[in-house]
Amino acid sequence: MSQADLTMSHPAHPPGMTIGLAPFSVSANKMAIWLFIIADAATFAACLVAYGFLRNGTANWPRPFHSIVNVSVMTFILLTSSLTMLLGVRAAKAGDKSGAFRWTMITAVMGILFAALHIREWMGLIDEGMSMFHNPWGTGLFGASFFSITGLHLLHVTGGVVALLAVGFRYMGGRYDADDLEVTGLYWHFVDLVWMFVVPFVYLLNLAH
């Protein structure tokens, strides 16, 4: 069969029809991060549900937190970092390269500060005698669940900081663009959103009477 026959039997599109992007099409990178967020959200949800069952089914569940000052400061830092990330993405889309880089680095610094406060909190609890399977207040399951959930979140924050630094410097060097910053920002916003579930479940419900 000749090329002309193939063209006539399989036209590319009817005359007069224009080809364009689908109205809801997204880039491969953005689709990948959304799929990752959905899967990761299911992981955190499973951890929090398991934690809820353990807490409700254990009579001597500890309430070791006497103040919400530290967790409030950590929450403020993380929520503010979402705002700075948003400003960074907005600056990148507006063509303000130096502004986008600056806001991205501020976001990374806030992530580092959050991680430092979190580790300091861990050290304080460990000094009080808390470990993965033992604590002086009640069931050892509290330590296992607390370190597992907050440790998983801290791992995500650490990974997010590394991603912010890597993407930010590559963006400034011209290897990445505003879309790459936006994809990184989606991940960072997800990390912040997860923290808003961790705080009431792990901290506020375990305040000392």
# chains A, B, ... in the order shown; residues from 1 in each chain; ligands from 1
>>> select_by_dssp(residues="chain A", states="alpha helix (DSSP H)", output="number ranges by chain")
A: 3-9, 28-57, 69-93, 97-127, 141-172, 178-198
>>> closest_atom_pairs(of="segment 103-207 of chain A", to="segment 87-91 of chain A", cutoff="10 Å", atoms="only C-alpha atoms", output="Markdown table")
| residue | atom | partner | partner_atom | distance |
| --- | --- | --- | --- | --- |
| A:Trp103 | CA | A:Gly88 | CA | 4.7 |
| A:Thr104 | CA | A:Gly88 | CA | 5.6 |
| A:Met105 | CA | A:Gly88 | CA | 9.0 |
| A:Ile106 | CA | A:Gly88 | CA | 9.2 |
| A:Thr107 | CA | A:Gly88 | CA | 8.7 |
| A:Gly168 | CA | A:Gly88 | CA | 9.8 |
| A:Asp177 | CA | A:Val89 | CA | 10.0 |
| A:Ala178 | CA | A:Val89 | CA | 6.5 |
| A:Asp179 | CA | A:Val89 | CA | 8.3 |
| A:Asp180 | CA | A:Val89 | CA | 9.2 |
| A:Leu181 | CA | A:Val89 | CA | 6.1 |
| A:Glu182 | CA | A:Val89 | CA | 5.7 |
| A:Val183 | CA | A:Val89 | CA | 9.4 |
| A:Thr184 | CA | A:Val89 | CA | 9.4 |
| A:Gly185 | CA | A:Val89 | CA | 7.4 |
>>> closest_residue(among="A:Tyr187, A:Gly99, A:Val167, A:Ile149", to="Phe201 of chain A", atoms="only C-alpha atoms")
A:Ile149
>>> closest_residue(among="A:Asn135, A:Thr75, A:Ser81, A:Ser145", to="Trp195 of chain A", atoms="only C-alpha atoms")
A:Thr75
>>> closest_residue(among="A:Val162, A:Leu113, A:Leu141, A:Val194", to="Gly52 of chain A", atoms="only C-alpha atoms")
A:Leu141
>>> residues_around(residues="Trp34 of chain A", least_positions_apart="4", cutoff="9 Å", atoms="only C-alpha atoms", output="ChimeraX atom specification")
/A:29-30,38-39,183,186-187
>>> write_last_selection(atoms="N, CA and C atoms", output="PDB file, in the first residue's frame")
ATOM      1  N   ASN A  29       5.215  16.054  35.415  1.00  0.00           N
ATOM      2  CA  ASN A  29       5.764  16.278  36.755  1.00  0.00           C
ATOM      3  C   ASN A  29       4.669  16.559  37.771  1.00  0.00           C
ATOM      4  N   LYS A  30       3.713  17.392  37.375  1.00  0.00           N
ATOM      5  CA  LYS A  30       2.630  17.734  38.298  1.00  0.00           C
ATOM      6  C   LYS A  30       1.735  16.525  38.550  1.00  0.00           C
ATOM      7  N   ILE A  38      -1.285  11.642  46.911  1.00  0.00           N
ATOM      8  CA  ILE A  38      -2.432  10.782  47.226  1.00  0.00           C
ATOM      9  C   ILE A  38      -1.972   9.517  47.947  1.00  0.00           C
ATOM     10  N   ALA A  39      -0.914   8.886  47.430  1.00  0.00           N
ATOM     11  CA  ALA A  39      -0.405   7.669  48.060  1.00  0.00           C
ATOM     12  C   ALA A  39       0.143   7.954  49.450  1.00  0.00           C
ATOM     13  N   VAL A 183       5.871  22.472  41.519  1.00  0.00           N
ATOM     14  CA  VAL A 183       5.758  21.063  41.897  1.00  0.00           C
ATOM     15  C   VAL A 183       6.362  20.839  43.283  1.00  0.00           C
ATOM     16  N   LEU A 186       3.990  22.154  45.889  1.00  0.00           N
ATOM     17  CA  LEU A 186       2.860  21.264  46.174  1.00  0.00           C
ATOM     18  C   LEU A 186       3.233  20.234  47.237  1.00  0.00           C
ATOM     19  N   TYR A 187       4.421  19.685  47.113  1.00  0.00           N
ATOM     20  CA  TYR A 187       4.892  18.736  48.118  1.00  0.00           C
ATOM     21  C   TYR A 187       5.016  19.415  49.474  1.00  0.00           C
TER      22      TYR A 187
END
>>> closest_residue(among="A:Gly129, A:Gly138, A:Gly124, A:Gly95", to="Ala59 of chain A", atoms="only C-alpha atoms")
A:Gly138
>>> residues_around(residues="Thr80 of chain A", least_positions_apart="6", cutoff="10 Å", atoms="only C-alpha atoms", output="mmCIF file with N, CA and C atoms, in the first residue's frame")
data_model
loop_
_atom_site.group_PDB
_atom_site.id
_atom_site.type_symbol
_atom_site.label_atom_id
_atom_site.label_comp_id
_atom_site.auth_asym_id
_atom_site.auth_seq_id
_atom_site.Cartn_x
_atom_site.Cartn_y
_atom_site.Cartn_z
ATOM 1 N N MET A 74 6.260 25.678 66.463
ATOM 2 C CA MET A 74 6.559 24.825 65.314
ATOM 3 C C MET A 74 5.474 24.948 64.241
ATOM 4 N N LEU A 86 4.515 29.922 48.658
ATOM 5 C CA LEU A 86 3.541 30.472 47.717
ATOM 6 C C LEU A 86 4.060 31.749 47.080
ATOM 7 N N THR A 107 11.966 29.595 52.794
ATOM 8 C CA THR A 107 11.149 28.414 53.105
ATOM 9 C C THR A 107 12.016 27.273 53.606
ATOM 10 N N MET A 110 13.161 27.918 57.152
ATOM 11 C CA MET A 110 12.072 27.653 58.097
ATOM 12 C C MET A 110 11.892 26.153 58.317
ATOM 13 N N ASP A 192 2.902 20.462 55.181
ATOM 14 C CA ASP A 192 2.280 21.362 56.155
ATOM 15 C C ASP A 192 0.875 20.889 56.519
#
>>> atom_distance(atom1="atom CA of Asn70 of chain A", atom2="atom CA of Gly140 of chain A")
23.1 Å
>>> residues_around(residues="Met130 of chain A", least_positions_apart="4", cutoff="12 Å", atoms="only C-alpha atoms", output="PyMOL selection string")
chain A and resi 62+64+121-126+134-147
